[in-house]
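Have a look at input.txt below; it lists compact mmCIF, C-alpha atoms.
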```
# COMPACT_ATOMS: atom_id res chain seq x y z
CA MET A 1 0.00 0.00 0.00
CA SER A 2 2.98 2.29 0.30
CA ASP A 3 2.73 3.26 -3.38
CA HIS A 4 -0.90 4.34 -2.99
CA LEU A 5 -2.78 7.07 -1.22
CA SER A 6 -4.18 5.45 1.90
CA SER A 7 -7.72 6.69 1.41
CA VAL A 8 -10.05 8.42 -1.02
CA GLN A 9 -13.40 10.13 -0.67
CA ALA A 10 -15.99 8.68 -3.03
CA ALA A 11 -19.30 10.16 -4.12
CA VAL A 12 -22.29 8.37 -5.63
CA VAL A 13 -24.72 10.64 -7.48
CA GLN A 14 -28.37 9.58 -7.38
CA ALA A 15 -30.21 11.83 -9.81
CA ALA A 16 -32.17 11.84 -13.04
CA PRO A 17 -30.88 13.08 -16.37
CA VAL A 18 -32.75 15.58 -18.47
CA LEU A 19 -34.37 12.64 -20.19
CA PHE A 20 -33.59 12.19 -23.91
CA ASP A 21 -31.59 15.45 -23.96
CA ARG A 22 -27.84 14.85 -24.21
CA GLU A 23 -26.71 18.47 -24.09
CA ALA A 24 -28.84 19.46 -21.10
CA THR A 25 -27.78 16.32 -19.25
CA VAL A 26 -24.09 17.05 -19.84
CA GLU A 27 -24.63 20.44 -18.22
CA GLN A 28 -26.32 18.73 -15.29
CA VAL A 29 -23.40 16.31 -14.94
CA GLY A 30 -21.05 19.28 -14.73
CA ARG A 31 -23.11 20.90 -11.99
CA LEU A 32 -23.43 17.72 -9.93
CA THR A 33 -19.74 16.91 -10.38
CA ARG A 34 -18.80 20.35 -9.08
CA GLU A 35 -21.12 19.85 -6.11
CA ALA A 36 -19.53 16.51 -5.25
CA ALA A 37 -16.02 17.92 -5.62
CA ALA A 38 -16.90 20.82 -3.33
CA HIS A 39 -17.59 18.20 -0.65
CA GLY A 40 -14.13 16.72 -1.20
CA ALA A 41 -14.97 13.85 -3.55
CA GLN A 42 -12.03 12.48 -5.54
CA LEU A 43 -13.97 9.65 -7.21
CA ILE A 44 -17.47 10.40 -8.52
CA LEU A 45 -19.88 7.84 -9.94
CA PHE A 46 -23.07 8.46 -11.95
CA PRO A 47 -25.74 5.82 -12.76
CA GLU A 48 -26.20 3.47 -15.69
CA ALA A 49 -27.38 5.07 -18.95
CA PHE A 50 -27.35 8.56 -17.43
CA ILE A 51 -26.81 10.15 -20.85
CA PRO A 52 -29.33 10.43 -22.41
CA ALA A 53 -31.72 8.14 -20.47
CA TYR A 54 -32.60 4.70 -19.22
CA PRO A 55 -35.86 4.45 -21.21
CA ARG A 56 -37.86 2.72 -18.51
CA GLY A 57 -41.47 1.93 -19.38
CA LEU A 58 -41.08 2.30 -23.16
CA SER A 59 -41.44 -0.62 -25.59
CA PHE A 60 -40.10 1.08 -28.74
CA GLY A 61 -43.17 -0.32 -30.49
CA VAL A 62 -41.90 -3.90 -30.53
CA THR A 63 -43.91 -7.08 -30.37
CA VAL A 64 -42.68 -10.39 -31.72
CA GLY A 65 -42.62 -10.08 -35.50
CA HIS A 66 -43.72 -6.44 -35.60
CA ARG A 67 -42.31 -2.91 -35.19
CA THR A 68 -44.30 0.34 -35.28
CA PRO A 69 -43.44 3.65 -36.99
CA ASP A 70 -43.66 5.42 -33.61
CA GLY A 71 -41.20 2.91 -32.17
CA ARG A 72 -38.74 3.64 -34.97
CA ARG A 73 -39.11 7.38 -34.39
CA LEU A 74 -38.49 6.89 -30.65
CA TRP A 75 -35.39 4.86 -31.47
CA GLN A 76 -34.17 7.69 -33.74
CA ARG A 77 -34.59 10.23 -30.93
CA TYR A 78 -32.70 7.96 -28.55
CA TRP A 79 -29.95 7.48 -31.14
CA GLU A 80 -29.70 11.22 -31.85
CA ASN A 81 -29.04 11.91 -28.17
CA ALA A 82 -26.56 9.07 -27.68
CA VAL A 83 -22.82 9.64 -27.25
CA ASP A 84 -20.00 9.13 -29.72
CA VAL A 85 -16.76 8.01 -28.05
CA PRO A 86 -14.70 10.12 -28.42
CA SER A 87 -16.62 13.29 -29.24
CA ARG A 88 -17.36 16.81 -28.06
CA THR A 89 -19.55 15.24 -25.37
CA THR A 90 -16.70 13.17 -23.97
CA GLU A 91 -14.50 16.27 -24.06
CA GLN A 92 -17.11 18.10 -21.98
CA LEU A 93 -17.30 15.25 -19.50
CA GLY A 94 -13.51 15.18 -19.30
CA GLU A 95 -13.49 18.91 -18.64
CA ALA A 96 -15.97 18.39 -15.79
CA ALA A 97 -13.57 15.83 -14.28
CA ARG A 98 -10.61 18.17 -14.79
CA GLN A 99 -12.34 21.11 -13.14
CA ALA A 100 -13.30 18.87 -10.22
CA ASN A 101 -9.78 17.38 -10.06
CA ALA A 102 -11.51 14.03 -9.62
CA TYR A 103 -11.98 10.69 -11.30
CA LEU A 104 -15.39 10.54 -12.97
CA ALA A 105 -17.25 7.41 -14.03
CA ILE A 106 -20.58 7.75 -15.82
CA GLY A 107 -23.04 5.55 -17.68
CA VAL A 108 -23.83 6.64 -21.24
CA ILE A 109 -25.54 5.21 -24.29
CA GLU A 110 -22.73 4.92 -26.82
CA ARG A 111 -23.14 4.93 -30.60
CA ASP A 112 -21.09 2.39 -32.52
CA GLU A 113 -18.41 4.39 -34.34
CA PHE A 114 -18.40 2.07 -37.37
CA SER A 115 -21.92 0.89 -38.12
CA ARG A 116 -23.60 4.01 -36.64
CA GLY A 117 -26.67 1.82 -36.12
CA THR A 118 -25.96 0.01 -32.85
CA LEU A 119 -26.09 1.46 -29.35
CA TYR A 120 -24.23 0.16 -26.32
CA CYS A 121 -24.83 0.68 -22.62
CA THR A 122 -21.38 1.91 -21.64
CA LEU A 123 -19.49 3.02 -18.54
CA LEU A 124 -16.89 5.73 -19.24
CA TYR A 125 -13.91 6.54 -17.00
CA PHE A 126 -12.24 9.97 -16.91
CA GLY A 127 -9.14 11.03 -15.01
CA PRO A 128 -8.63 14.21 -12.97
CA ASP A 129 -6.63 15.60 -15.89
CA GLY A 130 -9.72 15.24 -18.10
CA ARG A 131 -8.45 12.32 -20.17
CA LEU A 132 -10.78 9.51 -21.17
CA LEU A 133 -9.10 6.55 -19.46
CA GLY A 134 -11.31 3.71 -20.61
CA LYS A 135 -14.77 2.34 -21.19
CA HIS A 136 -16.77 -0.78 -20.52
CA ARG A 137 -19.64 -1.94 -22.74
CA LYS A 138 -22.36 -3.96 -21.00
CA LEU A 139 -21.88 -7.61 -21.94
CA LYS A 140 -25.51 -8.69 -21.85
CA PRO A 141 -28.47 -6.30 -21.97
CA THR A 142 -31.34 -7.58 -19.83
CA ALA A 143 -34.77 -8.60 -21.17
CA GLY A 144 -36.25 -5.70 -23.23
CA GLU A 145 -32.89 -3.90 -23.20
CA ARG A 146 -31.82 -6.43 -25.84
CA LEU A 147 -34.09 -4.62 -28.32
CA ILE A 148 -32.17 -1.37 -28.06
CA TRP A 149 -28.58 -2.17 -27.01
CA GLY A 150 -25.91 -4.36 -28.52
CA GLU A 151 -23.62 -6.68 -26.58
CA GLY A 152 -20.14 -5.71 -25.44
CA ASP A 153 -17.21 -8.12 -25.39
CA GLY A 154 -14.28 -9.09 -23.24
CA SER A 155 -12.03 -6.33 -24.58
CA THR A 156 -13.76 -3.72 -22.39
CA LEU A 157 -13.64 -5.46 -19.01
CA THR A 158 -11.87 -2.37 -17.79
CA VAL A 159 -9.96 -1.69 -14.58
CA ILE A 160 -8.20 1.66 -14.13
CA ALA A 161 -5.05 2.01 -12.03
CA THR A 162 -5.19 5.13 -9.85
CA GLU A 163 -3.03 6.54 -7.10
CA PHE A 164 -5.46 5.11 -4.53
CA GLY A 165 -5.95 1.68 -6.09
CA ARG A 166 -7.63 -0.12 -8.97
CA VAL A 167 -11.11 1.03 -10.02
CA GLY A 168 -13.44 -0.97 -12.26
CA GLY A 169 -16.85 -2.52 -12.35
CA LEU A 170 -19.85 -3.94 -14.13
CA ILE A 171 -23.23 -2.54 -15.13
CA CYS A 172 -26.50 -3.59 -13.51
CA TRP A 173 -27.33 -7.29 -13.97
CA GLU A 174 -23.87 -8.08 -15.31
CA ASN A 175 -23.18 -8.20 -11.59
CA TYR A 176 -25.24 -11.41 -11.45
CA MET A 177 -22.76 -13.04 -13.87
CA PRO A 178 -20.24 -14.92 -11.66
CA LEU A 179 -17.59 -15.14 -14.38
CA ALA A 180 -17.85 -11.44 -15.21
CA ARG A 181 -17.25 -10.65 -11.53
CA MET A 182 -14.31 -13.05 -11.53
CA ALA A 183 -12.81 -11.16 -14.48
CA MET A 184 -12.92 -7.99 -12.38
CA TYR A 185 -11.37 -9.72 -9.38
CA GLN A 186 -8.57 -11.16 -11.51
CA LYS A 187 -7.73 -7.63 -12.63
CA GLY A 188 -7.25 -6.67 -8.99
CA VAL A 189 -10.24 -4.36 -8.57
CA GLU A 190 -10.24 -2.62 -5.19
CA ILE A 191 -13.04 -0.10 -5.73
CA TYR A 192 -15.84 -1.81 -7.60
CA LEU A 193 -18.39 0.35 -9.43
CA ALA A 194 -21.93 -0.99 -9.90
CA PRO A 195 -24.07 1.57 -11.73
CA THR A 196 -27.55 0.14 -12.21
CA ALA A 197 -31.21 0.66 -13.05
CA ASP A 198 -32.35 -1.84 -10.38
CA GLY A 199 -34.19 -0.05 -7.59
CA ARG A 200 -35.46 -3.14 -5.77
CA ASP A 201 -34.69 -3.76 -2.12
CA THR A 202 -33.15 -7.10 -3.14
CA TRP A 203 -30.39 -5.30 -5.08
CA GLN A 204 -28.80 -4.34 -1.79
CA ALA A 205 -27.92 -7.97 -1.08
CA THR A 206 -26.06 -8.11 -4.40
CA LEU A 207 -23.93 -5.09 -3.49
CA VAL A 208 -23.05 -6.58 -0.10
CA HIS A 209 -22.27 -9.96 -1.63
CA ILE A 210 -19.86 -8.46 -4.18
CA ALA A 211 -18.07 -6.53 -1.44
CA LEU A 212 -17.62 -9.70 0.62
CA GLU A 213 -16.74 -11.88 -2.36
CA GLY A 214 -14.21 -9.48 -3.86
CA ARG A 215 -13.07 -7.94 -0.56
CA CYS A 216 -13.44 -4.58 -2.28
CA TYR A 217 -15.38 -1.38 -1.79
CA VAL A 218 -18.61 -1.38 -3.81
CA LEU A 219 -20.26 1.80 -5.07
CA GLY A 220 -23.85 1.13 -6.11
CA CYS A 221 -25.45 3.97 -8.08
CA ASN A 222 -28.96 4.31 -9.46
CA GLN A 223 -31.21 7.05 -10.81
CA PHE A 224 -34.23 8.54 -9.09
CA VAL A 225 -36.80 9.09 -11.85
CA ALA A 226 -40.43 10.23 -11.87
CA LYS A 227 -42.86 9.90 -14.77
CA SER A 228 -43.35 13.66 -14.80
CA MET A 229 -39.68 14.02 -15.85
CA TYR A 230 -40.33 12.43 -19.26
CA PRO A 231 -40.78 14.78 -22.24
CA THR A 232 -44.42 14.56 -23.29
CA ASP A 233 -43.58 14.77 -27.02
CA LEU A 234 -41.83 11.39 -27.05
CA PRO A 235 -43.25 9.00 -29.65
CA GLY A 236 -45.04 6.33 -27.64
CA TYR A 237 -45.39 8.57 -24.57
CA ALA A 238 -48.94 7.25 -24.01
CA GLU A 239 -47.39 3.92 -22.92
CA LEU A 240 -46.36 5.61 -19.70
CA ASP A 241 -49.99 6.08 -18.63
CA GLN A 242 -49.87 2.68 -16.94
CA GLN A 243 -46.67 3.49 -15.04
CA PRO A 244 -46.52 4.79 -11.46
CA GLU A 245 -45.35 8.35 -10.85
CA ILE A 246 -42.12 7.12 -9.23
CA MET A 247 -40.53 5.12 -12.02
CA CYS A 248 -37.25 4.35 -10.23
CA ARG A 249 -36.76 4.64 -6.45
CA GLY A 250 -32.95 4.70 -6.46
CA GLY A 251 -31.22 2.63 -3.81
CA SER A 252 -27.65 3.92 -4.21
CA ALA A 253 -25.23 2.77 -1.52
CA ILE A 254 -21.55 2.44 -0.61
CA ILE A 255 -20.35 -0.83 0.95
CA SER A 256 -17.07 -1.71 2.70
CA PRO A 257 -14.89 -4.77 1.90
CA LEU A 258 -16.41 -6.57 4.90
CA GLY A 259 -19.97 -5.83 3.85
CA LYS A 260 -20.67 -2.85 6.08
CA VAL A 261 -23.01 -0.23 4.63
CA LEU A 262 -21.09 3.05 4.78
CA ALA A 263 -23.71 5.25 3.08
CA GLY A 264 -27.29 4.70 1.98
CA PRO A 265 -29.24 3.02 0.68
CA LEU A 266 -30.93 6.19 -0.55
CA PHE A 267 -34.52 5.74 -1.74
CA ASP A 268 -37.28 7.97 -3.09
CA GLN A 269 -35.23 11.12 -3.59
CA GLU A 270 -32.26 12.58 -5.41
CA GLY A 271 -29.03 13.07 -3.50
CA ILE A 272 -25.29 12.46 -3.34
CA LEU A 273 -23.80 9.89 -0.97
CA TYR A 274 -20.25 10.27 0.34
CA ALA A 275 -17.85 7.93 2.10
CA ASP A 276 -14.15 7.90 2.95
CA LEU A 277 -12.65 4.68 1.61
CA ASP A 278 -9.71 3.42 3.68
CA LEU A 279 -7.79 1.20 1.28
CA ALA A 280 -6.13 -0.64 4.17
CA GLN A 281 -9.48 -2.34 4.69
CA VAL A 282 -9.12 -4.01 1.29
CA VAL A 283 -5.89 -5.66 2.47
CA GLN A 284 -7.33 -6.52 5.87
CA GLY A 285 -10.38 -8.09 4.27
CA LYS A 286 -8.23 -10.46 2.23
CA PHE A 287 -6.57 -11.85 5.37
CA ASP A 288 -9.13 -14.64 5.51
CA PHE A 289 -10.62 -14.63 2.01
CA ASP A 290 -8.90 -13.79 -1.29
CA VAL A 291 -11.04 -14.94 -4.20
CA VAL A 292 -8.15 -14.88 -6.70
CA GLY A 293 -5.42 -15.72 -4.17
CA HIS A 294 -5.45 -18.36 -1.47
CA TYR A 295 -9.14 -19.18 -2.09
CA ALA A 296 -8.75 -19.53 -5.88
CA ARG A 297 -7.72 -23.24 -6.10
CA PRO A 298 -6.29 -23.09 -9.64
CA ASP A 299 -5.44 -26.79 -9.28
CA VAL A 300 -9.21 -27.42 -9.36
CA PHE A 301 -10.66 -24.51 -11.38
CA GLN A 302 -9.54 -22.78 -14.57
CA PHE A 303 -10.81 -19.43 -15.83
CA GLY A 304 -10.16 -17.32 -18.92
CA VAL A 305 -11.55 -14.35 -20.80
CA ASN A 306 -11.76 -13.95 -24.58
CA SER A 307 -10.61 -10.38 -24.99
```
Before we go any further, please render this structure as structure tokens.
Amino acid sequence: MSDHLSSVQAAVVQAAPVLFDREATVEQVGRLTREAAAHGAQLILFPEAFIPAYPRGLSFGVTVGHRTPDGRRLWQRYWENAVDVPSRTTEQLGEAARQANAYLAIGVIERDEFSRGTLYCTLLYFGPDGRLLGKHRKLKPTAGERLIWGEGDGSTLTVIATEFGRVGGLICWENYMPLARMAMYQKGVEIYLAPTADGRDTWQATLVHIALEGRCYVLGCNQFVAKSMYPTDLPGYAELDQQPEIMCRGGSAIISPLGKVLAGPLFDQEGILYADLDLAQVVQGKFDFDVVGHYARPDVFQFGVNS
């Protein structure tokens, strides 16, 4: 640990984007990043699909064997507000990190730079100098997400080396994939990011389990979204009539390497959670359980990643 800073203050931002509006959401990210930095945060995490939206409650006009014109128009609007990587948008996000002098991780919907017709649910990492340090594309979109997002691959199972330790993570229900978690552990992750759209009470058990399994800090981050936040001119907006006013309750939390809840869970409101992460606790936690060390049993189990 002598080569690392001994601790870092982390912030988890539970908020809603300006739904389906990339430019306005980027401005909001800048404001919330400055707020977190003013409280001393050196590592700031935003939720899954924060730019431009997690399109909860919308079907994009799809039934088996059929697509509607309104669904195609909704897809176009989603695509138009997605993020090219790199682009002016990533430069703006990098500038927000630079001004905050903090590491920034944020979920975006990324446009494929080659086909221009596929979107990915992506986690971007920026350094305190504003550089884009890496990205992770969600390996397996869940249920209806498969209609709108493509699949990532093993080349973006990203862990970033920082002066306070290794930072990486997975998106939402990727965290239910044991081998994906193992890939993170094998890369030495010490601060594990888990941006999500899962606001259920049961998600908290997943965050605690990962912390105990990986002996790492876990930052869980979700949006708080109300139906009234959706733009009423969206194609297919009438689908939301059957949805409750609170579309996503949140549930962001910060967990220690021994499973202690340090902050949160935060439900039913926007807010920013803070916690001081003592990296010595990562080492102490591995005294009796190291999932890729003395508990790995490579004589029994073999594991690999196609990257």
| query | Quick one: of A:Gly65, A:Met229, A:Asp129, A:Asn101, who's nearest to Ala36 (chain A), counting only C-alpha atoms? | reply |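 Result for the nearest residue to Ala36 (chain A): A:Asn101.
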| request: To one decimal in Å, tell me the separation between CA of Cys121 (chain A) and CA of His136 (chain A). | output: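 Atom-to-atom, CA of Cys121 (chain A) to CA of His136 (chain A), that is 8.5 Å.
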| Non-local contacts of Gly236 (chain A) (9 Å; all atoms listed in the file; under 3 positions in same chain excluded) as a VMD selection string | chain A and resid 58 to 61 70 to 71 74 233 239 to 240
Select, counting only C-alpha atoms, all protein, DNA and RNA residues no farther than 9 Å from (-11.7, -9.4, -9.3) in file coordinates, and express the selection as an mmCIF file with C-alpha atoms, in the coordinates of the input.
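Wrote it out as out13.cif, contents follow:
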```
data_model
loop_
_atom_site.group_PDB
_atom_site.id
_atom_site.type_symbol
_atom_site.label_atom_id
_atom_site.label_comp_id
_atom_site.auth_asym_id
_atom_site.auth_seq_id
_atom_site.Cartn_x
_atom_site.Cartn_y
_atom_site.Cartn_z
ATOM 1 C CA ALA A 180 -17.850 -11.440 -15.210
ATOM 2 C CA ARG A 181 -17.250 -10.650 -11.530
ATOM 3 C CA MET A 182 -14.310 -13.050 -11.530
ATOM 4 C CA ALA A 183 -12.810 -11.160 -14.480
ATOM 5 C CA MET A 184 -12.920 -7.990 -12.380
ATOM 6 C CA TYR A 185 -11.370 -9.720 -9.380
ATOM 7 C CA GLN A 186 -8.570 -11.160 -11.510
ATOM 8 C CA LYS A 187 -7.730 -7.630 -12.630
ATOM 9 C CA GLY A 188 -7.250 -6.670 -8.990
ATOM 10 C CA VAL A 189 -10.240 -4.360 -8.570
ATOM 11 C CA GLU A 190 -10.240 -2.620 -5.190
ATOM 12 C CA TYR A 192 -15.840 -1.810 -7.600
ATOM 13 C CA GLU A 213 -16.740 -11.880 -2.360
ATOM 14 C CA GLY A 214 -14.210 -9.480 -3.860
ATOM 15 C CA ARG A 215 -13.070 -7.940 -0.560
ATOM 16 C CA CYS A 216 -13.440 -4.580 -2.280
ATOM 17 C CA VAL A 291 -11.040 -14.940 -4.200
ATOM 18 C CA VAL A 292 -8.150 -14.880 -6.700
#
```
| remark: Counting only C-alpha atoms, closest pick from A:Trp79, A:Phe50, A:Trp203, A:Tyr230 relative to Tyr176 (chain A) is A:Trp203
| request: For CA of Val83 (chain A) and CA of Gln14 (chain A), determine how far apart the two atoms are, in Å to one decimal place. | output: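 Distance between the two atoms: 20.6 Å.
For the point (-26.0, -4.3, -9.5) in file coordinates, the residues within 8 Å, using only C-alpha atoms, are Leu170, Ile171, Cys172, Trp173, Glu174, Asn175, Tyr176, Ala194, Pro195, Thr196, Asp198, Trp203, Thr206, Leu207 and Gly220 of chain A.
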